[in-house]
$ cat coords-v1.cif   # mmCIF, C-alpha atoms
data_query
#
loop_
_atom_site.group_PDB
_atom_site.id
_atom_site.type_symbol
_atom_site.label_atom_id
_atom_site.label_comp_id
_atom_site.auth_asym_id
_atom_site.auth_seq_id
_atom_site.Cartn_x
_atom_site.Cartn_y
_atom_site.Cartn_z
ATOM 1 C CA MET A 15 0.000 0.000 0.000
ATOM 2 C CA PHE A 16 1.166 3.533 -0.674
ATOM 3 C CA PHE A 17 -0.401 6.976 -0.469
ATOM 4 C CA THR A 18 -0.694 10.159 -2.467
ATOM 5 C CA THR A 19 0.894 13.190 -0.835
ATOM 6 C CA GLY A 20 -2.432 14.834 -0.134
ATOM 7 C CA ARG A 21 -1.351 18.250 -1.423
ATOM 8 C CA SER A 22 -4.732 19.183 -2.888
ATOM 9 C CA ALA A 23 -6.913 16.810 -0.865
ATOM 10 C CA LEU A 24 -6.622 14.188 1.808
ATOM 11 C CA PRO A 25 -4.024 11.467 1.194
ATOM 12 C CA THR A 26 -5.441 8.586 -0.833
ATOM 13 C CA ALA A 27 -4.336 5.012 -0.228
ATOM 14 C CA PHE A 28 -3.519 2.647 -3.120
ATOM 15 C CA VAL A 29 -3.356 -1.073 -2.493
ATOM 16 C CA LEU A 30 -0.961 -3.060 -4.664
ATOM 17 C CA THR A 31 -1.728 -6.599 -5.792
ATOM 18 C CA ARG A 32 0.838 -9.347 -6.352
ATOM 19 C CA TYR A 33 0.533 -8.591 -10.054
ATOM 20 C CA ASP A 34 1.376 -4.926 -9.390
ATOM 21 C CA LEU A 35 4.436 -5.960 -7.371
ATOM 22 C CA ARG A 36 5.648 -8.216 -10.203
ATOM 23 C CA ILE A 37 5.302 -5.243 -12.566
ATOM 24 C CA LEU A 38 7.349 -3.041 -10.183
ATOM 25 C CA GLU A 39 10.017 -5.747 -10.101
ATOM 26 C CA GLU A 40 10.144 -6.119 -13.897
ATOM 27 C CA VAL A 41 10.170 -2.368 -14.526
ATOM 28 C CA GLY A 42 12.888 -1.969 -11.900
ATOM 29 C CA ARG A 43 14.950 -4.720 -13.525
ATOM 30 C CA ARG A 44 14.652 -2.926 -16.857
ATOM 31 C CA ILE A 45 15.631 0.424 -15.326
ATOM 32 C CA LEU A 46 18.812 -1.076 -13.876
ATOM 33 C CA GLU A 47 19.525 -2.870 -17.162
ATOM 34 C CA VAL A 48 19.349 0.439 -19.044
ATOM 35 C CA ALA A 49 21.565 2.002 -16.356
ATOM 36 C CA ALA A 50 24.071 -0.866 -16.904
ATOM 37 C CA ILE A 51 23.989 -1.964 -13.251
ATOM 38 C CA ASP A 52 25.951 -5.205 -12.854
ATOM 39 C CA SER A 53 24.542 -7.207 -9.941
ATOM 40 C CA SER A 54 27.828 -9.075 -9.498
ATOM 41 C CA GLU A 55 29.773 -5.845 -8.935
ATOM 42 C CA ASP A 56 27.380 -2.980 -8.144
ATOM 43 C CA LYS A 57 25.373 -2.221 -5.010
ATOM 44 C CA ILE A 58 22.123 -0.302 -4.762
ATOM 45 C CA VAL A 59 21.442 2.074 -1.895
ATOM 46 C CA ASN A 60 17.846 3.137 -1.411
ATOM 47 C CA CYS A 61 18.110 6.685 -0.032
ATOM 48 C CA PHE A 62 14.362 7.193 0.096
ATOM 49 C CA PRO A 63 12.981 7.002 3.636
ATOM 50 C CA TYR A 64 11.140 3.804 4.459
ATOM 51 C CA ALA A 65 7.559 4.877 3.916
ATOM 52 C CA PRO A 66 4.468 3.846 2.014
ATOM 53 C CA HIS A 67 5.290 5.759 -1.165
ATOM 54 C CA LEU A 68 6.053 4.532 -4.662
ATOM 55 C CA ALA A 69 9.627 5.873 -4.942
ATOM 56 C CA PHE A 70 10.878 3.760 -2.027
ATOM 57 C CA TRP A 71 9.188 0.612 -3.293
ATOM 58 C CA GLN A 72 10.312 1.078 -6.908
ATOM 59 C CA VAL A 73 13.956 1.173 -5.791
ATOM 60 C CA TYR A 74 13.382 -1.837 -3.522
ATOM 61 C CA TYR A 75 11.809 -3.926 -6.277
ATOM 62 C CA ALA A 76 14.434 -2.779 -8.801
ATOM 63 C CA GLY A 77 17.040 -4.380 -6.549
ATOM 64 C CA ILE A 78 14.992 -7.557 -6.277
ATOM 65 C CA GLY A 79 14.411 -7.696 -10.031
ATOM 66 C CA ALA A 80 18.095 -7.169 -10.828
ATOM 67 C CA ARG A 81 19.170 -9.637 -8.131
ATOM 68 C CA CYS A 82 21.088 -6.881 -6.295
ATOM 69 C CA SER A 83 19.297 -7.573 -3.039
ATOM 70 C CA HIS A 84 22.143 -9.174 -1.096
#
$ encode --input "coords-v1.cif" --output "structure tokens"
Amino acid sequence: MFFTTGRSALPTAFVLTRYDLRILEEVGRRILEVAAIDSSEDKIVNCFPYAPHLAFWQVYYAGIGARCSH
């Protein structure tokens, strides 16, 4: 689940399905592929604060998708 920022109205929650999470993982994998991230040599640091917002989770799932999670 993540939320809108609520700048023009109250924050709105969005619930993600397993399908949505697989899409985040695949899109993240593709982003890191385009950026030429090598999972055997490179590390990913997620500098977004842990929170229910899309930016944090996209970086997280990019690492999972590119197998840079360890």
$ residues_around --input "coords-v1.cif" --residues "range 22-37 of chain A" --least-positions-apart "5" --cutoff "10 Å" --atoms "all atoms listed in the file" --output "VMD selection string"
chain A and resid 15 to 17 42 to 43 66 to 68 71 to 72 75 79
$ write_last_selection --input "coords-v1.cif" --atoms "C-alpha atoms" --output "PDB file, keeping the file's coordinate frame"
ATOM      1  CA  MET A  15       0.000   0.000   0.000  1.00  0.00           C
ATOM      2  CA  PHE A  16       1.166   3.533  -0.674  1.00  0.00           C
ATOM      3  CA  PHE A  17      -0.401   6.976  -0.469  1.00  0.00           C
ATOM      4  CA  GLY A  42      12.888  -1.969 -11.900  1.00  0.00           C
ATOM      5  CA  ARG A  43      14.950  -4.720 -13.525  1.00  0.00           C
ATOM      6  CA  PRO A  66       4.468   3.846   2.014  1.00  0.00           C
ATOM      7  CA  HIS A  67       5.290   5.759  -1.165  1.00  0.00           C
ATOM      8  CA  LEU A  68       6.053   4.532  -4.662  1.00  0.00           C
ATOM      9  CA  TRP A  71       9.188   0.612  -3.293  1.00  0.00           C
ATOM     10  CA  GLN A  72      10.312   1.078  -6.908  1.00  0.00           C
ATOM     11  CA  TYR A  75      11.809  -3.926  -6.277  1.00  0.00           C
ATOM     12  CA  GLY A  79      14.411  -7.696 -10.031  1.00  0.00           C
TER      13      GLY A  79
END
$ residues_around --input "coords-v1.cif" --residues "Ile58 in chain A" --least-positions-apart "3" --cutoff "9 Å" --atoms "all atoms listed in the file" --output "list in words"
Ile51, Ser53, Val73, Tyr74, Gly77, Cys82 and Ser83 of chain A
$ atom_distance --input "coords-v1.cif" --atom1 "CA of Cys61 in chain A" --atom2 "CA of Glu40 in chain A"
20.5 Å
$ atom_distance --input "coords-v1.cif" --atom1 "CA of Val59 in chain A" --atom2 "CA of Ile78 in chain A"
12.4 Å
$ atom_distance --input "coords-v1.cif" --atom1 "CA of Leu46 in chain A" --atom2 "CA of Asn60 in chain A"
13.2 Å
